[in-house]
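The data block below is input_30.tsv; it holds TSV, C-alpha atoms and all ligand atoms.
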```tsv
chain	number	residue	atom	x	y	z
A	35	MET	CA	24.39	7.99	9.46
A	36	GLU	CA	27.80	6.77	10.64
A	37	ALA	CA	30.13	5.15	8.12
A	38	ALA	CA	31.35	2.03	10.00
A	39	ASN	CA	31.64	-0.27	6.98
A	40	PRO	CA	31.37	1.68	3.70
A	41	GLN	CA	30.35	-1.39	1.69
A	42	VAL	CA	27.50	-2.28	4.03
A	43	ASP	CA	26.48	1.38	4.17
A	44	HIS	CA	26.23	1.45	0.41
A	45	ALA	CA	24.19	-1.76	0.26
A	46	ALA	CA	21.95	-0.65	3.14
A	47	ARG	CA	21.25	2.68	1.42
A	48	HIS	CA	20.44	0.84	-1.80
A	49	VAL	CA	17.95	-1.39	0.03
A	50	VAL	CA	16.35	1.46	2.01
A	51	ARG	CA	16.05	3.68	-1.09
A	52	ALA	CA	14.00	0.86	-2.64
A	53	ALA	CA	12.05	0.21	0.59
A	54	VAL	CA	10.82	3.80	0.87
A	55	ALA	CA	9.42	3.69	-2.68
A	56	ALA	CA	6.62	1.52	-1.21
A	57	PRO	CA	3.06	2.86	-0.94
A	58	SER	CA	1.97	4.11	2.49
A	59	VAL	CA	-1.32	5.42	3.80
A	60	HIS	CA	-1.45	9.18	2.92
A	61	ASN	CA	2.25	8.81	1.97
A	62	THR	CA	3.09	9.07	5.69
A	63	GLN	CA	6.17	6.83	5.23
A	64	PRO	CA	5.75	5.54	8.81
A	65	TRP	CA	9.01	3.57	9.00
A	66	LEU	CA	12.58	3.73	10.26
A	67	PHE	CA	15.53	1.44	9.56
A	68	THR	CA	18.77	0.53	11.30
A	69	HIS	CA	21.56	-1.47	9.77
A	70	GLY	CA	24.49	-3.52	11.00
A	71	ASP	CA	26.96	-5.81	9.27
A	72	ASP	CA	24.54	-8.74	9.00
A	73	GLY	CA	21.25	-7.07	8.07
A	74	LEU	CA	18.64	-4.38	8.50
A	75	ASP	CA	15.93	-3.83	11.09
A	76	LEU	CA	12.61	-2.21	10.24
A	77	TYR	CA	10.86	-0.13	12.92
A	78	ALA	CA	7.43	1.52	13.08
A	79	ASP	CA	7.76	5.31	13.40
A	80	ASP	CA	4.83	6.03	15.69
A	81	ARG	CA	5.11	9.79	15.18
A	82	ARG	CA	3.79	9.07	11.69
A	83	ARG	CA	0.77	6.93	12.61
A	84	LEU	CA	-2.60	8.53	11.78
A	85	PRO	CA	-4.38	8.80	15.16
A	86	LEU	CA	-7.91	9.20	13.72
A	87	CYS	CA	-7.99	7.18	10.54
A	88	ASP	CA	-5.63	4.45	11.82
A	89	PRO	CA	-5.69	4.40	15.66
A	90	ASP	CA	-4.56	0.75	15.93
A	91	GLY	CA	-1.73	1.19	13.44
A	92	ARG	CA	-3.13	-1.45	11.07
A	93	GLU	CA	-2.54	0.62	7.94
A	94	GLN	CA	0.81	1.75	9.32
A	95	LEU	CA	1.96	-1.87	9.56
A	96	ILE	CA	0.57	-2.68	6.10
A	97	SER	CA	2.64	0.24	4.77
A	98	CYS	CA	5.72	-1.05	6.64
A	99	GLY	CA	5.07	-4.56	5.28
A	100	ALA	CA	5.06	-3.12	1.75
A	101	ALA	CA	8.40	-1.41	2.47
A	102	LEU	CA	9.75	-4.72	3.80
A	103	PHE	CA	8.76	-6.47	0.56
A	104	ASN	CA	10.62	-3.81	-1.43
A	105	ALA	CA	13.66	-4.30	0.82
A	106	ARG	CA	13.52	-8.05	0.10
A	107	VAL	CA	13.34	-7.36	-3.66
A	108	ALA	CA	16.32	-4.96	-3.45
A	109	MET	CA	18.37	-7.52	-1.49
A	110	ARG	CA	17.66	-10.07	-4.21
A	111	HIS	CA	18.67	-7.47	-6.81
A	112	LEU	CA	22.08	-7.33	-5.05
A	113	GLY	CA	22.21	-11.13	-5.14
A	114	HIS	CA	21.46	-11.87	-1.46
A	115	ARG	CA	18.68	-14.13	-0.26
A	116	PRO	CA	17.00	-12.12	2.52
A	117	VAL	CA	16.47	-13.97	5.79
A	118	VAL	CA	13.37	-12.33	7.29
A	119	ARG	CA	11.95	-12.61	10.81
A	120	LEU	CA	8.77	-10.73	11.64
A	121	LEU	CA	8.44	-9.14	15.10
A	122	PRO	CA	11.74	-10.68	16.26
A	123	ASP	CA	11.69	-9.16	19.77
A	124	PRO	CA	8.47	-9.44	21.85
A	125	ARG	CA	9.89	-6.88	24.31
A	126	ASP	CA	10.23	-4.30	21.52
A	127	PRO	CA	6.92	-4.09	19.57
A	128	ALA	CA	8.17	-1.19	17.43
A	129	ARG	CA	10.81	-3.51	15.95
A	130	LEU	CA	8.76	-4.96	13.09
A	131	ALA	CA	11.21	-7.12	11.19
A	132	ARG	CA	14.78	-8.20	10.77
A	133	ALA	CA	16.03	-8.75	7.20
A	134	GLY	CA	19.41	-10.47	7.23
A	135	TRP	CA	21.83	-10.63	4.29
A	136	GLY	CA	21.50	-14.31	3.38
A	137	ALA	CA	23.57	-16.48	1.05
A	138	TYR	CA	24.48	-15.29	-2.43
A	139	ALA	CA	22.46	-16.46	-5.45
A	140	PRO	CA	22.26	-14.47	-8.67
A	141	PRO	CA	18.83	-12.86	-9.15
A	142	GLY	CA	16.55	-14.43	-11.76
A	143	ALA	CA	14.86	-12.60	-14.64
A	144	GLY	CA	11.54	-12.41	-12.75
A	145	GLU	CA	13.26	-10.92	-9.70
A	146	ASN	CA	14.95	-8.28	-11.85
A	147	LEU	CA	11.57	-7.38	-13.39
A	148	MET	CA	10.10	-6.99	-9.88
A	149	TYR	CA	12.98	-4.68	-8.95
A	150	ARG	CA	12.40	-2.52	-12.02
A	151	ALA	CA	8.65	-2.41	-11.32
A	152	LEU	CA	9.32	-1.06	-7.85
A	153	TRP	CA	10.35	2.28	-9.45
A	154	GLN	CA	7.55	2.27	-12.02
A	155	ARG	CA	4.60	1.62	-9.67
A	156	HIS	CA	2.46	4.63	-8.73
A	157	THR	CA	-1.02	4.88	-7.23
A	158	TYR	CA	-3.74	5.92	-9.69
A	159	ARG	CA	-7.05	7.55	-8.73
A	160	GLY	CA	-9.21	7.93	-11.84
A	161	PRO	CA	-11.15	5.69	-14.24
A	162	PHE	CA	-9.39	2.94	-16.23
A	163	ARG	CA	-9.68	1.99	-19.88
A	164	PRO	CA	-12.65	-0.40	-20.21
A	165	THR	CA	-10.48	-3.41	-21.16
A	166	PRO	CA	-10.88	-6.42	-18.83
A	167	LEU	CA	-7.88	-7.93	-17.06
A	168	PRO	CA	-6.77	-11.29	-18.51
A	169	ARG	CA	-7.92	-14.26	-16.40
A	170	ARG	CA	-4.39	-15.58	-16.30
A	171	LEU	CA	-3.16	-12.35	-14.70
A	172	ILE	CA	-5.86	-12.57	-12.02
A	173	ALA	CA	-4.74	-16.13	-11.21
A	174	GLU	CA	-1.11	-14.98	-11.00
A	175	LEU	CA	-1.99	-12.11	-8.66
A	176	ARG	CA	-3.93	-14.49	-6.44
A	177	ALA	CA	-0.94	-16.86	-6.28
A	178	HIS	CA	1.38	-13.96	-5.34
A	179	ALA	CA	-0.94	-12.89	-2.49
A	180	ARG	CA	-1.20	-16.47	-1.24
A	181	ALA	CA	2.57	-16.92	-1.26
A	182	GLU	CA	2.72	-14.14	1.37
A	183	GLY	CA	-0.06	-15.56	3.57
A	184	ALA	CA	-2.99	-13.50	2.20
A	185	GLU	CA	-5.92	-14.09	-0.16
A	186	LEU	CA	-7.05	-11.94	-3.09
A	187	TYR	CA	-10.79	-12.09	-3.91
A	188	THR	CA	-12.41	-10.44	-6.90
A	189	VAL	CA	-15.70	-8.58	-6.36
A	190	GLN	CA	-17.65	-9.21	-9.56
A	191	ALA	CA	-21.23	-10.22	-8.71
A	192	PRO	CA	-23.54	-7.19	-9.19
A	193	HIS	CA	-24.98	-7.39	-5.63
A	194	ALA	CA	-21.46	-7.63	-4.12
A	195	ARG	CA	-20.24	-4.66	-6.16
A	196	ARG	CA	-23.22	-2.61	-5.11
A	197	HIS	CA	-22.76	-3.54	-1.45
A	198	LEU	CA	-19.07	-2.62	-1.55
A	199	ALA	CA	-19.80	0.66	-3.35
A	200	GLU	CA	-22.30	1.55	-0.61
A	201	LEU	CA	-19.82	0.72	2.17
A	202	VAL	CA	-17.14	2.88	0.52
A	203	ARG	CA	-19.61	5.72	0.05
A	204	THR	CA	-20.85	5.53	3.67
A	205	ALA	CA	-17.28	5.54	5.00
A	206	GLU	CA	-16.37	8.49	2.82
A	207	ALA	CA	-19.44	10.37	4.11
A	208	VAL	CA	-18.50	9.58	7.75
A	209	GLN	CA	-14.98	10.87	7.20
A	210	ARG	CA	-16.06	14.00	5.27
A	211	ASP	CA	-18.57	14.86	8.01
A	212	ASP	CA	-15.93	14.79	10.74
A	213	PRO	CA	-13.92	18.07	10.98
A	214	ALA	CA	-11.08	16.33	12.87
A	215	GLN	CA	-10.73	13.66	10.15
A	216	ARG	CA	-10.83	16.34	7.46
A	217	ALA	CA	-8.04	18.20	9.26
A	218	GLU	CA	-5.95	15.01	9.54
A	219	LEU	CA	-6.29	14.39	5.80
A	220	ALA	CA	-5.54	18.06	4.99
A	221	HIS	CA	-2.35	17.80	7.08
A	222	TRP	CA	-1.09	15.05	4.74
A	223	THR	CA	-2.20	16.68	1.46
A	224	HIS	CA	-0.33	19.42	-0.40
A	225	PRO	CA	-0.47	21.20	-3.76
A	226	GLY	CA	2.41	19.20	-5.20
A	227	ARG	CA	5.00	21.90	-5.52
A	228	ASP	CA	8.66	21.32	-4.59
A	229	GLY	CA	9.65	21.26	-0.96
A	230	PHE	CA	7.50	18.34	0.26
A	231	ALA	CA	9.10	14.96	1.05
A	232	ASP	CA	5.90	13.17	2.17
A	233	GLY	CA	2.10	13.51	1.96
A	234	VAL	CA	-0.16	13.23	-1.09
A	235	PRO	CA	0.41	15.85	-3.80
A	236	LEU	CA	-2.81	17.00	-5.46
A	237	THR	CA	-1.04	16.52	-8.79
A	238	SER	CA	-1.40	12.75	-8.17
A	239	CYS	CA	-5.20	13.05	-7.71
A	240	TYR	CA	-6.11	13.53	-11.35
A	241	GLY	CA	-9.27	12.24	-12.95
A	242	PRO	CA	-12.85	12.67	-11.71
A	243	ALA	CA	-13.16	10.12	-8.90
A	244	ASP	CA	-16.92	9.71	-9.46
A	245	ARG	CA	-16.52	8.07	-12.90
A	246	THR	CA	-15.90	4.76	-11.19
A	247	GLY	CA	-18.13	2.52	-9.04
A	248	LEU	CA	-16.16	3.32	-5.84
A	249	VAL	CA	-16.00	6.90	-4.59
A	250	GLY	CA	-12.48	8.27	-4.06
A	251	ARG	CA	-11.00	9.77	-0.93
A	252	ASP	CA	-11.55	13.53	-0.73
A	253	PHE	CA	-7.92	14.64	-1.07
A	254	ARG	CA	-9.07	17.80	-2.88
A	255	HIS	CA	-11.36	18.78	0.02
A	256	VAL	CA	-14.30	19.40	-2.26
A	257	ALA	CA	-16.61	18.08	0.54
A	258	GLY	CA	-20.22	18.70	-0.57
A	259	ALA	CA	-22.69	16.04	-1.69
A	260	LEU	CA	-21.31	12.63	-2.58
A	261	PRO	CA	-22.39	11.08	-5.87
A	262	ALA	CA	-24.97	8.29	-5.49
A	263	VAL	CA	-23.84	4.71	-6.10
A	264	PRO	CA	-24.27	4.40	-9.89
A	265	PRO	CA	-27.10	2.02	-10.95
A	266	VAL	CA	-24.88	0.66	-13.75
A	267	TRP	CA	-21.30	-0.23	-12.80
A	268	PRO	CA	-19.09	2.17	-14.84
A	269	ALA	CA	-16.71	0.29	-17.18
A	270	GLY	CA	-13.84	2.54	-16.04
A	271	THR	CA	-13.98	1.05	-12.53
A	272	GLY	CA	-11.65	-1.81	-13.50
A	273	LEU	CA	-11.43	-5.05	-11.53
A	274	VAL	CA	-12.21	-4.65	-7.82
A	275	VAL	CA	-10.31	-6.94	-5.44
A	276	LEU	CA	-10.15	-7.48	-1.68
A	277	LEU	CA	-6.93	-8.53	0.04
A	278	THR	CA	-7.69	-10.52	3.20
A	279	THR	CA	-5.87	-12.41	5.96
A	280	PRO	CA	-7.17	-15.30	8.10
A	281	HIS	CA	-6.52	-13.41	11.37
A	282	ASP	CA	-6.03	-9.77	12.33
A	283	THR	CA	-2.79	-9.69	14.36
A	284	ARG	CA	0.13	-7.31	13.84
A	285	GLU	CA	1.90	-10.17	12.05
A	286	ASP	CA	-1.10	-10.50	9.69
A	287	TRP	CA	-0.86	-6.76	8.92
A	288	LEU	CA	2.84	-7.11	8.06
A	289	ARG	CA	2.04	-10.11	5.87
A	290	ALA	CA	-0.81	-8.21	4.20
A	291	GLY	CA	1.60	-5.36	3.41
A	292	GLN	CA	4.10	-7.73	1.82
A	293	ALA	CA	1.30	-9.44	-0.13
A	294	LEU	CA	-0.03	-6.05	-1.25
A	295	GLN	CA	3.32	-4.96	-2.60
A	296	ARG	CA	3.99	-8.32	-4.26
A	297	VAL	CA	0.60	-8.06	-6.02
A	298	LEU	CA	1.22	-4.42	-7.01
A	299	LEU	CA	4.69	-5.14	-8.41
A	300	HIS	CA	3.53	-8.15	-10.41
A	301	ALA	CA	0.63	-6.06	-11.73
A	302	THR	CA	3.13	-3.34	-12.72
A	303	VAL	CA	5.27	-5.89	-14.58
A	304	ARG	CA	2.09	-6.75	-16.52
A	305	TRP	CA	1.29	-3.07	-17.28
A	306	THR	CA	-1.56	-3.00	-14.79
A	307	VAL	CA	-2.16	-0.10	-12.42
A	308	ALA	CA	-3.91	0.04	-9.00
A	309	ALA	CA	-6.22	2.48	-7.23
A	310	PHE	CA	-6.94	2.20	-3.48
A	311	HIS	CA	-10.28	2.66	-1.67
A	312	THR	CA	-9.59	1.76	1.95
A	313	GLN	CA	-12.07	4.16	3.60
A	314	PRO	CA	-14.50	1.46	4.95
A	315	LEU	CA	-11.60	-0.42	6.54
A	316	GLU	CA	-10.97	2.66	8.71
A	317	VAL	CA	-14.50	2.69	10.20
A	318	PRO	CA	-14.79	-0.37	12.52
A	319	TRP	CA	-18.52	-1.15	12.01
A	320	LEU	CA	-18.19	-0.88	8.22
A	321	ARG	CA	-15.09	-3.07	8.23
A	322	GLU	CA	-17.04	-5.66	10.22
A	323	GLN	CA	-19.87	-5.60	7.64
A	324	LEU	CA	-17.33	-6.04	4.88
A	325	ARG	CA	-15.73	-8.94	6.74
A	326	THR	CA	-18.97	-10.85	7.26
A	327	LYS	CA	-20.79	-10.02	4.00
A	328	LEU	CA	-18.05	-9.78	1.35
A	329	ALA	CA	-14.81	-11.24	2.68
A	330	ARG	CA	-16.05	-14.74	3.60
A	331	GLY	CA	-15.41	-14.05	7.28
A	332	GLU	CA	-11.72	-13.30	6.67
A	333	PHE	CA	-10.22	-9.98	7.71
A	334	PRO	CA	-10.27	-7.41	4.89
A	335	GLN	CA	-6.96	-5.51	4.75
A	336	MET	CA	-7.08	-3.70	1.40
A	337	ILE	CA	-9.61	-2.71	-1.29
A	338	LEU	CA	-8.14	-2.11	-4.74
A	339	ARG	CA	-9.25	-1.39	-8.29
A	340	LEU	CA	-6.96	-2.77	-11.00
A	341	GLY	CA	-6.92	-1.74	-14.64
A	342	HIS	CA	-5.07	-0.21	-17.53
A	343	VAL	CA	-3.98	3.41	-18.02
A	344	PRO	CA	-0.64	5.03	-18.82
A	345	ARG	CA	1.58	5.00	-15.72
A	346	GLY	CA	1.12	7.92	-13.32
A	347	HIS	CA	3.52	10.28	-11.58
A	348	ALA	CA	5.95	9.59	-8.76
A	349	THR	CA	5.14	11.08	-5.35
A	350	PRO	CA	7.85	12.49	-3.04
A	351	ARG	CA	9.88	10.42	-0.59
A	352	ARG	CA	12.27	11.21	2.23
A	353	PRO	CA	15.84	10.22	1.28
A	354	PRO	CA	17.37	7.04	2.83
A	355	ASP	CA	19.56	9.04	5.21
A	356	ALA	CA	16.44	10.55	6.83
A	357	VAL	CA	15.17	7.11	7.90
A	358	LEU	CA	18.33	4.99	8.26
A	359	THR	CA	20.81	4.86	11.13
A	360	ALA	CA	23.70	2.54	11.90
A	361	GLU	CA	23.17	0.02	14.77
A	401	LIG	C1	-2.61	1.04	3.76
A	401	LIG	C2	-2.81	1.99	2.60
A	401	LIG	C3	-4.03	2.63	2.41
A	401	LIG	C4	-4.23	3.51	1.32
A	401	LIG	N1	-5.47	4.08	1.12
A	401	LIG	C5	-5.67	4.88	0.05
A	401	LIG	C6	-6.97	5.39	-0.25
A	401	LIG	O1	-7.95	5.08	0.42
A	401	LIG	N2	-7.11	6.19	-1.35
A	401	LIG	C7	-6.04	6.51	-2.14
A	401	LIG	O2	-6.23	7.24	-3.11
A	401	LIG	N3	-4.80	6.02	-1.89
A	401	LIG	C8	-4.59	5.22	-0.83
A	401	LIG	N4	-3.35	4.68	-0.59
A	401	LIG	C9	-2.25	5.01	-1.50
A	401	LIG	C10	-1.32	6.09	-0.91
A	401	LIG	O3	-1.98	7.34	-0.89
A	401	LIG	C11	-0.04	6.16	-1.76
A	401	LIG	O4	0.63	4.93	-1.64
A	401	LIG	C12	0.90	7.26	-1.33
A	401	LIG	O5	0.33	8.52	-1.57
A	401	LIG	C13	2.23	7.18	-2.09
A	401	LIG	O6	2.02	7.28	-3.48
A	401	LIG	P1	2.44	6.12	-4.49
A	401	LIG	O7	1.69	4.88	-4.11
A	401	LIG	O8	2.04	6.65	-5.84
A	401	LIG	O9	3.92	5.90	-4.37
A	401	LIG	C14	-3.14	3.79	0.44
A	401	LIG	C15	-1.91	3.14	0.65
A	401	LIG	C16	-1.74	2.24	1.70
A	401	LIG	C17	-0.42	1.52	1.87
```

For the structure just supplied, provide its representation as structure tokens.
Amino acid sequence: MEAANPQVDHAARHVVRAAVAAPSVHNTQPWLFTHGDDGLDLYADDRRRLPLCDPDGREQLISCGAALFNARVAMRHLGHRPVVRLLPDPRDPARLARAGWGAYAPPGAGENLMYRALWQRHTYRGPFRPTPLPRRLIAELRAHARAEGAELYTVQAPHARRHLAELVRTAEAVQRDDPAQRAELAHWTHPGRDGFADGVPLTSCYGPADRTGLVGRDFRHVAGALPAVPPVWPAGTGLVVLLTTPHDTREDWLRAGQALQRVLLHATVRWTVAAFHTQPLEVPWLREQLRTKLARGEFPQMILRLGHVPRGHATPRRPPDAVLTAE
């Protein structure tokens, strides 16, 4: 990265370091950034899109949207109001967003808590403690999703839970049965020793995934028979929620990513942890069933479990200089 204006370089690095702490599908970190004197641009890095599990780049753009939300939080932490434009150049579809350094206003206490949560948030994959989430927290999470143009629905009725569990299980079976999909997942999974800057370390896949109502993704490549959908919903499943958008455009995906990260950070502030189960959203006919039967006709973008456990481990990231260049 060239050092044109050392102060801007420093601020841009600060923002990008925070941005790359965002969750991304298989920890692919499918983003790139450029910076100039008046702001940063976020780009999709298409070399890091998953051709089999995410051919349209929907999950890639959700991941980039989550990184954009972190960038906004980090700009606020520095005291700037970010001025964000999504997809600012129709001739350049890879250019996903422009985040300008807006006017100065000191960050509030809530914004500082969000910034701190950004470093504390980690994906969890096992069962939760059987304590329910407070109703007030659920209402707050819903309001955060809505503020970014998405909706957050809880899946609590027994028939809806069962239906969702079956869709997740079917999707997982489809993906486990496909050697090419297994190879794609294996490419982004590693034992968790030093030397990896991306991908999912097996050390972050603790806990038996079948002690919850939704089967987990097969990061450990155990393949074999999938557990049946449990007749009684295990208490360790936590609260299951769907994040949806009214339409399914690239802009909706970026909004869903920002809503996802806003929900995850607020949950982190309230000592609540998330697990992801997005397998049925990667199989078009299962996603369509989910849309019509469980998501009130809206477009399902994420499936999460929320609950309480001690915070998990950080996963690796590429450093800011690997993804940031000067304009
Ligand atoms: C769009 C998207 C889909 C994801 N799907 C899954 C999933 O199905 N199962 C899972 O265990 N984690 C899933 N994740 C979580 C990523 O694996 C995780 O964010 C990544 O490994 C980085 O780890 P961290 O979130 O702990 O920082 C998903 C994340 C995103 C953004």

Please tabulate, as CSV, the residues of chain A that come within 6 Å of ligand LIG 401 (chain A), each with its closest pair of atoms and the distance in Å to one decimal, counting only C-alpha atoms and all ligand atoms and ordering rows by chain, then residue number upward.
```
residue,atom,partner,partner_atom,distance
A:Pro57,CA,A:LIG401,O4,3.3
A:Ser58,CA,A:LIG401,C17,3.6
A:Val59,CA,A:LIG401,C16,3.8
A:His60,CA,A:LIG401,O3,4.3
A:Asn61,CA,A:LIG401,C12,3.9
A:Glu93,CA,A:LIG401,C1,4.2
A:Ile96,CA,A:LIG401,C1,5.4
A:Ser97,CA,A:LIG401,C17,4.4
A:His156,CA,A:LIG401,O8,3.6
A:Thr157,CA,A:LIG401,O8,3.8
A:Arg159,CA,A:LIG401,O2,5.7
A:Val234,CA,A:LIG401,O5,4.8
A:Arg251,CA,A:LIG401,N2,5.3
A:Phe310,CA,A:LIG401,N2,4.5
A:His311,CA,A:LIG401,O1,4.0
A:Thr312,CA,A:LIG401,O1,4.0
A:Gln313,CA,A:LIG401,O1,5.3
A:Ala348,CA,A:LIG401,O8,5.7
A:Thr349,CA,A:LIG401,O6,5.3
```

- Query: Within 10 Å of Thr204 in chain A, counting all atoms listed in the file, which residues qualify if same-chain residues fewer than 2 places away don't, as a PyMOL selection string?
  - Reply: chain A and resi 198-202+206-210+249+260+313-314+317+320

- Quick one: distance from CA of Ala220 in chain A to CA of Gly160 in chain A in Å, one decimal?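 CA of Gly160 in chain A lies at a distance of 20.0 Å from CA of Ala220 in chain A.
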
- Answer as a PyMOL selection string, residues within 10 Å of (0.5, -9.0, -15.7) using only C-alpha atoms: chain A and resi 167-175+297-307

Keeping only C-alpha atoms, take the residues you just selected and write them out as a PDB file, in the coordinates of the input.
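What ended up in again.pdb:
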```pdb
ATOM      1  CA  LEU A 167      -7.880  -7.930 -17.060  1.00  0.00           C
ATOM      2  CA  PRO A 168      -6.770 -11.290 -18.510  1.00  0.00           C
ATOM      3  CA  ARG A 169      -7.920 -14.260 -16.400  1.00  0.00           C
ATOM      4  CA  ARG A 170      -4.390 -15.580 -16.300  1.00  0.00           C
ATOM      5  CA  LEU A 171      -3.160 -12.350 -14.700  1.00  0.00           C
ATOM      6  CA  ILE A 172      -5.860 -12.570 -12.020  1.00  0.00           C
ATOM      7  CA  ALA A 173      -4.740 -16.130 -11.210  1.00  0.00           C
ATOM      8  CA  GLU A 174      -1.110 -14.980 -11.000  1.00  0.00           C
ATOM      9  CA  LEU A 175      -1.990 -12.110  -8.660  1.00  0.00           C
ATOM     10  CA  VAL A 297       0.600  -8.060  -6.020  1.00  0.00           C
ATOM     11  CA  LEU A 298       1.220  -4.420  -7.010  1.00  0.00           C
ATOM     12  CA  LEU A 299       4.690  -5.140  -8.410  1.00  0.00           C
ATOM     13  CA  HIS A 300       3.530  -8.150 -10.410  1.00  0.00           C
ATOM     14  CA  ALA A 301       0.630  -6.060 -11.730  1.00  0.00           C
ATOM     15  CA  THR A 302       3.130  -3.340 -12.720  1.00  0.00           C
ATOM     16  CA  VAL A 303       5.270  -5.890 -14.580  1.00  0.00           C
ATOM     17  CA  ARG A 304       2.090  -6.750 -16.520  1.00  0.00           C
ATOM     18  CA  TRP A 305       1.290  -3.070 -17.280  1.00  0.00           C
ATOM     19  CA  THR A 306      -1.560  -3.000 -14.790  1.00  0.00           C
ATOM     20  CA  VAL A 307      -2.160  -0.100 -12.420  1.00  0.00           C
TER      21      VAL A 307
END
```

- Residue nearest Ala52 in chain A - candidates A:Arg352, A:Pro64, A:Arg92, A:Leu130, atoms counted: only C-alpha atoms: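 For Ala52 in chain A, the nearest of the candidates is A:Arg352.
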
Which residues of range 168-269 of chain A have any atom within 10 Å of an atom in range 323-339 of chain A when counting all atoms listed in the file, and what is the closest pair of atoms for each, with the distance in Å to one decimal? Order the rows by chain and rising number and write it as CSV.
```
residue,atom,partner,partner_atom,distance
A:Ala184,CA,A:Gln335,CA,9.3
A:Glu185,CA,A:Glu332,CA,9.0
A:Leu186,CA,A:Met336,CA,9.4
A:Tyr187,CA,A:Ala329,CA,7.8
A:Thr188,CA,A:Leu338,CA,9.6
A:Val189,CA,A:Leu328,CA,8.1
A:Ala194,CA,A:Leu328,CA,6.8
A:Arg195,CA,A:Leu328,CA,9.3
A:His197,CA,A:Leu328,CA,8.3
A:Leu198,CA,A:Leu324,CA,7.5
A:Leu201,CA,A:Leu324,CA,7.7
A:Val202,CA,A:Ile337,CA,9.6
A:Thr246,CA,A:Arg339,CA,9.5
A:Gly247,CA,A:Arg339,CA,9.7
A:Leu248,CA,A:Arg339,CA,8.7
```

- Query: Cys98 in chain A: which residues within 7 Å, counting all atoms listed in the file, same-chain residues fewer than 3 positions away excluded, as a ChimeraX atom specification?
  - Reply: /A:64-65,94-95,101-102,288,291

What's the 8 Å shell around Trp153 in chain A, counting all atoms listed in the file, without same-chain residues fewer than 3 positions away, as a compact mmCIF listing (two decimals) with C-alpha atoms, keeping the file's coordinate frame?
```txt
# COMPACT_ATOMS: atom_id res chain seq x y z
CA ALA A 52 14.00 0.86 -2.64
CA ALA A 55 9.42 3.69 -2.68
CA TYR A 149 12.98 -4.68 -8.95
CA ARG A 150 12.40 -2.52 -12.02
```

- Task: Name all residues at most 12 Å from Asp126 in chain A (count all atoms listed in the file; drop same-chain ones fewer than 4 positions away) and give them as a list in words.
- Result: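 My reading of the contact set: Asp75, Leu76, Tyr77, Ala78, Leu120, Leu121, Pro122, Leu130 and Ala131 of chain A.
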
- Item | Residue neighbourhood Val50 in chain A, 12 Å, all atoms listed in the file, exclusion window fewer than 3 positions, as a PyMOL selection string | chain A and resi 42-47+53-56+63+65-69+73-76+98+101-109+133+351-359

Residue completion, range 322-333 of chain A, N, CA and C atoms, as a PDB file, in the coordinates of the input:
```pdb
ATOM      1  N   GLU A 322     -16.419  -4.419   9.745  1.00  0.00           N
ATOM      2  CA  GLU A 322     -17.040  -5.660  10.220  1.00  0.00           C
ATOM      3  C   GLU A 322     -18.092  -6.145   9.212  1.00  0.00           C
ATOM      4  N   GLN A 323     -18.872  -5.210   8.668  1.00  0.00           N
ATOM      5  CA  GLN A 323     -19.870  -5.600   7.640  1.00  0.00           C
ATOM      6  C   GLN A 323     -19.169  -6.203   6.426  1.00  0.00           C
ATOM      7  N   LEU A 324     -18.077  -5.544   6.042  1.00  0.00           N
ATOM      8  CA  LEU A 324     -17.330  -6.040   4.880  1.00  0.00           C
ATOM      9  C   LEU A 324     -16.793  -7.453   5.148  1.00  0.00           C
ATOM     10  N   ARG A 325     -16.292  -7.633   6.371  1.00  0.00           N
ATOM     11  CA  ARG A 325     -15.730  -8.940   6.740  1.00  0.00           C
ATOM     12  C   ARG A 325     -16.787 -10.039   6.634  1.00  0.00           C
ATOM     13  N   THR A 326     -17.973  -9.777   7.198  1.00  0.00           N
ATOM     14  CA  THR A 326     -18.970 -10.850   7.260  1.00  0.00           C
ATOM     15  C   THR A 326     -19.706 -11.023   5.929  1.00  0.00           C
ATOM     16  N   LYS A 327     -19.942  -9.918   5.198  1.00  0.00           N
ATOM     17  CA  LYS A 327     -20.790 -10.020   4.000  1.00  0.00           C
ATOM     18  C   LYS A 327     -19.992 -10.255   2.704  1.00  0.00           C
ATOM     19  N   LEU A 328     -18.762  -9.722   2.634  1.00  0.00           N
ATOM     20  CA  LEU A 328     -18.050  -9.780   1.350  1.00  0.00           C
ATOM     21  C   LEU A 328     -16.711 -10.506   1.399  1.00  0.00           C
ATOM     22  N   ALA A 329     -16.164 -10.681   2.608  1.00  0.00           N
ATOM     23  CA  ALA A 329     -14.810 -11.240   2.680  1.00  0.00           C
ATOM     24  C   ALA A 329     -14.805 -12.661   3.261  1.00  0.00           C
ATOM     25  N   ARG A 330     -15.942 -13.342   3.159  1.00  0.00           N
ATOM     26  CA  ARG A 330     -16.050 -14.740   3.600  1.00  0.00           C
ATOM     27  C   ARG A 330     -15.574 -14.942   5.027  1.00  0.00           C
ATOM     28  N   GLY A 331     -15.794 -13.941   5.875  1.00  0.00           N
ATOM     29  CA  GLY A 331     -15.410 -14.050   7.280  1.00  0.00           C
ATOM     30  C   GLY A 331     -13.938 -13.809   7.538  1.00  0.00           C
ATOM     31  N   GLU A 332     -13.140 -13.610   6.462  1.00  0.00           N
ATOM     32  CA  GLU A 332     -11.720 -13.300   6.670  1.00  0.00           C
ATOM     33  C   GLU A 332     -11.581 -11.791   6.917  1.00  0.00           C
ATOM     34  N   PHE A 333     -10.393 -11.377   7.331  1.00  0.00           N
ATOM     35  CA  PHE A 333     -10.220  -9.980   7.710  1.00  0.00           C
ATOM     36  C   PHE A 333      -9.774  -9.150   6.502  1.00  0.00           C
TER      37      PHE A 333
END
```
